[in-house]
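Report on the structure given below.
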Amino acid sequence: VRRSPQSDLLRIELYLIGYPMYHGFATFVPTILLHLLSFATLLINAQNFSDRGSMSLTTLLVLIALYVETLSSLPRTPYLKSLDVWFGFSVTFLTLIIAVHVATNGATYNVNKFNDKWTTERVLKWARWILALIYIAFQITFWFMIINSNLYEKSV
């Protein structure tokens, strides 16, 4: 608090200090572990649908509980926060993995006239590659945007 000697104005300076590592350890690390655990279900034997399905659903439920807990501790804002984007991707990513498990539940069917069989193992193999590429692309884009926005805010 400073009082101006020339007038009756009172100037108040307020310094807010954030702890960016809090969300690093409380949000990002646990969700990345959940992503990896759910992705690992694609590596389980194709015949063990119940194991793959229950692990995937459990990770999704844990992620949603973490999402609700994290958002309840943050102030409400009318704009989209980076955590909203992070959790939105996380829920979508885990839901895609569950969709792959449901789609490959013992299915073997013909896709074209050359009698190519899309077995469960083959679909899982393709899903691993596609989901891994989606995940890597999101991680690169998300962290690039976070780092650039922090550098921009510091330069202003």
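Letters A, B, ... mark the chains of the structure tokens in the order given; residue numbers begin at 1 per chain; ligand numbers begin at 1, in order shown.
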List as a short mmCIF file (atom, residue, chain, number, x, y, z; two decimals) with all heavy atoms, in the first residue's frame the protein and nucleic acid residues near Asn105 (chain A), meaning an atom at most 9 Å away when only C-alpha atoms are counted, but skip any in the same chain fewer than 4 places from it.
```cif
data_model
loop_
_atom_site.label_atom_id
_atom_site.label_comp_id
_atom_site.auth_asym_id
_atom_site.auth_seq_id
_atom_site.Cartn_x
_atom_site.Cartn_y
_atom_site.Cartn_z
N ALA A 46 -6.04 -60.59 -27.12
CA ALA A 46 -7.31 -60.21 -27.74
C ALA A 46 -8.50 -61.03 -27.21
O ALA A 46 -9.63 -60.53 -27.21
CB ALA A 46 -7.22 -60.36 -29.25
N GLN A 47 -8.25 -62.23 -26.74
CA GLN A 47 -9.35 -63.05 -26.24
C GLN A 47 -9.81 -62.64 -24.83
O GLN A 47 -10.88 -63.04 -24.40
CB GLN A 47 -8.95 -64.54 -26.22
CG GLN A 47 -8.98 -65.19 -27.59
CD GLN A 47 -7.84 -64.73 -28.47
OE1 GLN A 47 -6.74 -64.48 -28.00
NE2 GLN A 47 -8.11 -64.60 -29.76
N PHE A 49 -11.33 -60.16 -23.39
CA PHE A 49 -12.12 -58.93 -23.49
C PHE A 49 -12.52 -58.40 -22.13
O PHE A 49 -12.51 -57.18 -21.90
CB PHE A 49 -13.37 -59.17 -24.34
CG PHE A 49 -14.30 -58.00 -24.34
CD1 PHE A 49 -13.99 -56.86 -25.06
CD2 PHE A 49 -15.48 -58.02 -23.61
CE1 PHE A 49 -14.83 -55.76 -25.06
CE2 PHE A 49 -16.33 -56.93 -23.60
CZ PHE A 49 -16.01 -55.80 -24.33
N VAL A 100 -12.59 -49.17 -29.16
CA VAL A 100 -11.81 -50.19 -29.88
C VAL A 100 -12.04 -51.56 -29.24
O VAL A 100 -12.25 -52.56 -29.94
CB VAL A 100 -10.30 -49.84 -29.87
CG1 VAL A 100 -9.45 -51.02 -30.31
CG2 VAL A 100 -10.03 -48.63 -30.75
N HIS A 101 -12.06 -51.62 -27.91
CA HIS A 101 -12.29 -52.90 -27.24
C HIS A 101 -13.68 -53.45 -27.55
O HIS A 101 -13.83 -54.65 -27.78
CB HIS A 101 -12.11 -52.76 -25.73
CG HIS A 101 -10.69 -52.52 -25.32
ND1 HIS A 101 -9.63 -53.22 -25.84
CD2 HIS A 101 -10.14 -51.65 -24.45
CE1 HIS A 101 -8.50 -52.81 -25.31
NE2 HIS A 101 -8.79 -51.84 -24.45
N THR A 120 -9.41 -59.67 -34.74
CA THR A 120 -9.29 -58.84 -33.55
C THR A 120 -7.86 -58.40 -33.33
O THR A 120 -7.60 -57.23 -33.03
CB THR A 120 -9.80 -59.62 -32.31
OG1 THR A 120 -11.15 -60.00 -32.53
CG2 THR A 120 -9.72 -58.78 -31.07
#
```
Inset, instruction - DSSP on the backbone, then: every residue of chain A marked strand (DSSP E or B), written as a PyMOL selection string. - result: chain A and resi 2-3+10-11+109-110+117-118
Could the residues in this selection be written to a file with C-alpha atoms, as a tab-separated table (two decimals), in the first residue's frame?
```tsv
chain	number	residue	atom	x	y	z
A	2	ARG	CA	1.44	3.36	-1.02
A	3	ARG	CA	0.10	6.80	-0.42
A	10	LEU	CA	-4.09	5.44	-2.32
A	11	ARG	CA	-2.34	2.90	-4.52
A	109	TYR	CA	-15.38	-60.20	-40.67
A	110	ASN	CA	-14.61	-59.61	-44.35
A	117	LYS	CA	-9.80	-60.79	-42.73
A	118	TRP	CA	-9.77	-58.07	-40.10
```
Inset, instruction - Going by DSSP on the backbone, which bits of chain A are helix (DSSP H, G or I)? Write them as a PyMOL selection string, please. - result: chain A and resi 20-43+49-72+82-103+120-155
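If you measure from each of A:Phe25, A:Tyr67, A:Phe87, A:Phe93 to Ile136 (chain A) using only C-alpha atoms, the closest one turns out to be A:Phe93.
Residue nearest Gln139 (chain A) within the list A:Val85, A:Met55, A:Ile64, A:Leu42: A:Val85 [criterion: smallest interatomic distance, only C-alpha atoms].
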